[in-house]
Amino acid sequence: MSALTDLSSYSAYPIVQAPMAGGASNPRLAAAVSGAGGLGFLAAGYKTSDAMYQEIRQLRDATSQPFGVNLFMPQPDTVDPSAVAVYAEQLAGEAAWYGTELGDPETGSDDAYDAKVAILLEDPVPMVSFTFGCPDRAVLDAFAKAGTCTVVTVTTPAEALAAQWAGADALCVQGVEAGGHQGTHRDDPQLDGSGLGLLSLITQVREAVQLPMIAAGGLMRGEQIAAVLAAGASAAALGTAFLVCPESGASALHKRALTDPVYARTELTRAFSGRPARGLLNRFVREHGRYAPAGYPQVHHLTQPVRRAAAGLGDPQGMALWAGQGHRLARELSAGALVETLAAEQRAAQEARA
Ligand SMILES: Cc1cc2nc3c(=O)[nH]c(=O)nc-3n(C[C@H](O)[C@H](O)[C@H](O)COP(=O)(O)O)c2cc1C
């Protein structure tokens, strides 16, 4: 496939509903977005390969429009188990408070990647994107042969070069403003604090590689979409903006927290998963973010029962409230209405500039 320079072959508008694992992305949301002229995405992360396939089938039943599926790359075996064990001791009080046990950190680190790739090659979808790393050339070539457009998330110009070299069709260029996990290829605590803002990043990536870019991070309004297109992106991906839609599978507590003045700001934290992810600054992040180790996905497995118990008790202060820097701008519109509104705002901004 040549490229996404002409995203109009995937969607009428250059608006992508960013993949969001953990429940927010579901066939209903993706179908509503794709049906309205955007590009909907399923998030395969944390799911079994079978559950991923069931969602693809549900989505195909709900829409005939193109869509994408997002995969987590398997993680290298570099996590220090003793650091995770120390963190487990530090979290013992949380587990007791919420009346649960900590999870088993060794529940697996490959996210069933091979099985998911096998399914997606056997029954291809229009687009597959990857985060937390870059697949090798053989995998990207196999998707190209299957007619699937491949997109690799990058957070630096060096990662963009690696993705181009490996044969990706396009990039999801994710600024530090983005909600949820940074798709950084290798988590390195030495680089904490060096994340690039979206406009700076897309400009640097555009000058480093030739691949088309989908820009992501902090985008909540059509005017911002017009701005990233003007800066060289072919499309914009929005996560937090779609989180609050009624079709999104995010919990009511999470949706409400995004515009609750109690949560004044977001922070990048390893507290819940062991990998930097942006969420609302709540009690859990404030108390544990300072010393949470680099330990993905072991820390994700460790904290999962605590997060679930906090949600069950209706306590957002113990939940991972992923959110981008633009969270205050979230509008509770249906996904279709949000796509239409964003497209109209983008058009108006472009006409005003012409
Ligand atoms: C709740 C949530 C879950 C996310 N899960 C994923 C995921 O599974 N895969 C992925 O590549 N990115 C994931 N992201 C990042 C988004 O795809 C996207 O990069 C980000 O939402 C863009 O920033 P914004 O939230 O400010 O729009 C997630 C983001 C959020 C908010």
# chains A, B, ... in the order shown; residues from 1 in each chain; ligands from 1

call {"tool": "residues_near_ligand", "arguments": {"ligand": "ligand 1", "cutoff": "8 Å", "atoms": "only C-alpha atoms and all ligand atoms", "output": "VMD selection string"}}
result
chain A and resid 17 to 25 43 to 45 70 to 72 129 to 132 153 172 174 to 175 177 to 183 216 to 220 237 to 243 250 278 to 279 321 to 327

call {"tool": "residues_around", "arguments": {"residues": "Ala115 of chain A", "least_positions_apart": "2", "cutoff": "12 Å", "atoms": "only C-alpha atoms", "output": "number ranges by chain"}}
result
A: 44, 47-53, 71, 74, 110-113, 117-122

call {"tool": "write_last_selection", "arguments": {"atoms": "C-alpha atoms", "output": "short mmCIF file (atom, residue, chain, number, x, y, z; two decimals), in the first residue's frame"}}
result
data_model
loop_
_atom_site.label_atom_id
_atom_site.label_comp_id
_atom_site.auth_asym_id
_atom_site.auth_seq_id
_atom_site.Cartn_x
_atom_site.Cartn_y
_atom_site.Cartn_z
CA ALA A 44 -6.61 -5.51 21.04
CA LYS A 47 -7.46 -9.02 25.28
CA THR A 48 -7.11 -12.63 24.21
CA SER A 49 -6.72 -13.19 20.47
CA ASP A 50 -10.17 -14.77 20.45
CA ALA A 51 -11.76 -11.75 22.13
CA MET A 52 -10.05 -9.51 19.56
CA TYR A 53 -11.51 -11.60 16.75
CA LEU A 71 -1.75 -4.26 18.84
CA PRO A 74 5.69 -7.85 23.14
CA ASP A 110 3.66 -10.78 25.09
CA ASP A 111 -0.06 -9.82 25.03
CA ALA A 112 -0.67 -12.83 22.70
CA TYR A 113 1.01 -10.86 19.92
CA VAL A 117 -0.91 -11.28 14.14
CA ALA A 118 -1.79 -14.75 12.80
CA ILE A 119 -5.53 -13.98 12.95
CA LEU A 120 -5.10 -10.57 11.33
CA LEU A 121 -3.06 -12.10 8.49
CA GLU A 122 -5.55 -14.89 7.94
#

call {"tool": "closest_residue", "arguments": {"among": "A:Val205, A:Ala163, A:Val306, A:Ala215", "to": "Leu229 of chain A", "atoms": "only C-alpha atoms"}}
result
A:Ala215

call {"tool": "residues_around", "arguments": {"residues": "segment 342-347 of chain A", "least_positions_apart": "2", "cutoff": "9 Å", "atoms": "only C-alpha atoms", "output": "list of chain:residue names"}}
result
A:Tyr13, A:Pro14, A:Ile15, A:Met220, A:Arg221, A:Gly222, A:Glu223, A:Gln224, A:Ile225, A:Ala226, A:Ala227, A:Ala337, A:Leu338, A:Val339, A:Glu340, A:Ala349, A:Gln350, A:Glu351, A:Ala352

call {"tool": "write_last_selection", "arguments": {"atoms": "C-alpha atoms", "output": "short mmCIF file (atom, residue, chain, number, x, y, z; two decimals), in the first residue's frame"}}
result
data_model
loop_
_atom_site.label_atom_id
_atom_site.label_comp_id
_atom_site.auth_asym_id
_atom_site.auth_seq_id
_atom_site.Cartn_x
_atom_site.Cartn_y
_atom_site.Cartn_z
CA TYR A 13 -12.74 13.02 7.20
CA PRO A 14 -9.10 12.98 8.40
CA ILE A 15 -10.34 12.09 11.87
CA MET A 220 -10.01 18.07 21.20
CA ARG A 221 -11.27 20.61 18.64
CA GLY A 222 -11.46 20.85 14.85
CA GLU A 223 -9.26 23.95 14.94
CA GLN A 224 -6.45 21.81 16.39
CA ILE A 225 -7.00 19.21 13.68
CA ALA A 226 -6.63 21.96 11.05
CA ALA A 227 -3.40 23.01 12.80
CA ALA A 337 -22.09 13.98 16.33
CA LEU A 338 -18.54 14.50 17.62
CA VAL A 339 -17.06 13.45 14.26
CA GLU A 340 -19.43 15.86 12.45
CA ALA A 349 -10.77 26.99 10.54
CA GLN A 350 -9.34 26.15 7.13
CA GLU A 351 -11.77 28.47 5.34
CA ALA A 352 -10.95 31.31 7.73
#

call {"tool": "select_by_dssp", "arguments": {"residues": "segment 7-225 of chain A", "states": "alpha helix (DSSP H)", "output": "count of residues only"}}
result
84

call {"tool": "closest_residue", "arguments": {"among": "A:Ala310, A:Leu329, A:Val16, A:Ala354", "to": "Ala96 of chain A", "atoms": "only C-alpha atoms"}}
result
A:Ala310

call {"tool": "atom_distance", "arguments": {"atom1": "atom CA of Ala138 of chain A", "atom2": "atom CA of Ile202 of chain A"}}
result
26.9 Å

call {"tool": "select_by_dssp", "arguments": {"residues": "segment 83-294 of chain A", "states": "strand (DSSP E or B)", "output": "PyMOL selection string"}}
result
chain A and resi 127-131+149-154+170-174+180-181+213-216+235-238+266-269+277-280

call {"tool": "write_last_selection", "arguments": {"atoms": "N, CA and C atoms", "output": "CSV table (one decimal), in the first residue's frame"}}
result
chain,number,residue,atom,x,y,z
A,127,MET,N,-6.6,-1.7,8.4
A,127,MET,CA,-5.5,-1.1,9.0
A,127,MET,C,-5.1,-1.7,10.3
A,128,VAL,N,-3.8,-1.9,10.6
A,128,VAL,CA,-3.3,-2.4,11.9
A,128,VAL,C,-2.3,-1.4,12.4
A,129,SER,N,-2.4,-1.0,13.6
A,129,SER,CA,-1.4,-0.2,14.2
A,129,SER,C,-0.7,-0.9,15.4
A,130,PHE,N,0.5,-0.4,15.7
A,130,PHE,CA,1.3,-1.1,16.7
A,130,PHE,C,1.8,0.0,17.7
A,131,THR,N,1.8,-0.4,19.0
A,131,THR,CA,2.4,0.6,19.9
A,131,THR,C,3.4,-0.2,20.8
A,149,CYS,N,-2.9,-1.8,5.7
A,149,CYS,CA,-2.1,-0.7,5.9
A,149,CYS,C,-1.5,-0.8,7.3
A,150,THR,N,-0.2,-0.6,7.5
A,150,THR,CA,0.5,-0.7,8.8
A,150,THR,C,0.9,0.7,9.3
A,151,VAL,N,0.6,0.9,10.6
A,151,VAL,CA,0.9,2.2,11.2
A,151,VAL,C,1.7,1.9,12.5
A,152,VAL,N,2.8,2.5,12.7
A,152,VAL,CA,3.6,2.3,13.9
A,152,VAL,C,3.6,3.6,14.7
A,153,THR,N,3.2,3.5,16.0
A,153,THR,CA,3.3,4.7,16.9
A,153,THR,C,4.7,5.1,17.2
A,154,VAL,N,5.0,6.4,17.1
A,154,VAL,CA,6.4,6.9,17.4
A,154,VAL,C,6.2,8.1,18.3
A,170,ALA,N,2.8,3.9,7.5
A,170,ALA,CA,2.5,5.2,8.1
A,170,ALA,C,2.9,5.3,9.5
A,171,LEU,N,2.8,6.5,10.1
A,171,LEU,CA,3.2,6.6,11.5
A,171,LEU,C,2.0,7.2,12.3
A,172,CYS,N,1.8,6.8,13.5
A,172,CYS,CA,1.0,7.6,14.5
A,172,CYS,C,2.0,8.3,15.3
A,173,VAL,N,2.1,9.6,15.1
A,173,VAL,CA,3.0,10.5,15.8
A,173,VAL,C,2.4,11.0,17.1
A,174,GLN,N,2.8,10.5,18.2
A,174,GLN,CA,2.2,10.7,19.5
A,174,GLN,C,2.9,11.7,20.3
A,180,GLY,N,-3.3,8.3,28.2
A,180,GLY,CA,-2.9,6.8,28.2
A,180,GLY,C,-1.4,6.7,28.0
A,181,HIS,N,-1.0,5.5,27.6
A,181,HIS,CA,0.4,5.2,27.5
A,181,HIS,C,1.1,5.9,26.4
A,213,MET,N,1.8,10.9,8.3
A,213,MET,CA,1.6,10.9,9.7
A,213,MET,C,0.2,11.1,10.2
A,214,ILE,N,-0.2,10.3,11.2
A,214,ILE,CA,-1.4,10.6,11.9
A,214,ILE,C,-1.0,11.2,13.2
A,215,ALA,N,-1.4,12.4,13.5
A,215,ALA,CA,-1.0,13.1,14.7
A,215,ALA,C,-1.9,12.8,15.9
A,216,ALA,N,-1.3,12.6,17.1
A,216,ALA,CA,-2.1,12.3,18.2
A,216,ALA,C,-1.6,13.0,19.5
A,235,ALA,N,-3.7,13.1,9.0
A,235,ALA,CA,-4.9,12.9,9.8
A,235,ALA,C,-4.6,13.1,11.2
A,236,ALA,N,-5.7,13.2,12.0
A,236,ALA,CA,-5.5,13.5,13.5
A,236,ALA,C,-6.2,12.3,14.2
A,237,ALA,N,-5.6,11.8,15.3
A,237,ALA,CA,-6.2,10.8,16.1
A,237,ALA,C,-6.6,11.4,17.5
A,238,LEU,N,-7.8,11.1,17.9
A,238,LEU,CA,-8.3,11.7,19.2
A,238,LEU,C,-8.7,10.5,20.1
A,266,THR,N,-3.2,16.6,34.6
A,266,THR,CA,-2.7,15.2,34.3
A,266,THR,C,-1.3,15.1,34.6
A,267,GLU,N,-0.8,13.9,34.6
A,267,GLU,CA,0.6,13.6,34.9
A,267,GLU,C,1.0,12.3,34.2
A,268,LEU,N,2.2,12.2,33.7
A,268,LEU,CA,2.8,11.0,33.2
A,268,LEU,C,3.2,10.1,34.4
A,269,THR,N,2.7,8.9,34.5
A,269,THR,CA,3.0,8.1,35.7
A,269,THR,C,3.3,6.7,35.3
A,277,ALA,N,2.4,6.7,31.4
A,277,ALA,CA,1.1,6.9,30.8
A,277,ALA,C,0.5,8.1,31.5
A,278,ARG,N,-0.3,8.9,30.7
A,278,ARG,CA,-0.8,10.1,31.2
A,278,ARG,C,-2.3,9.9,31.7
A,279,GLY,N,-2.5,10.3,32.9
A,279,GLY,CA,-3.8,10.2,33.5
A,279,GLY,C,-4.0,11.4,34.5
A,280,LEU,N,-5.3,11.5,34.9
A,280,LEU,CA,-5.6,12.5,35.9
A,280,LEU,C,-4.8,12.3,37.2

call {"tool": "residues_around", "arguments": {"residues": "Gln58 of chain A", "least_positions_apart": "6", "cutoff": "12 Å", "atoms": "only C-alpha atoms", "output": "PyMOL selection string"}}
result
chain A and resi 26-31+42+51-52+64
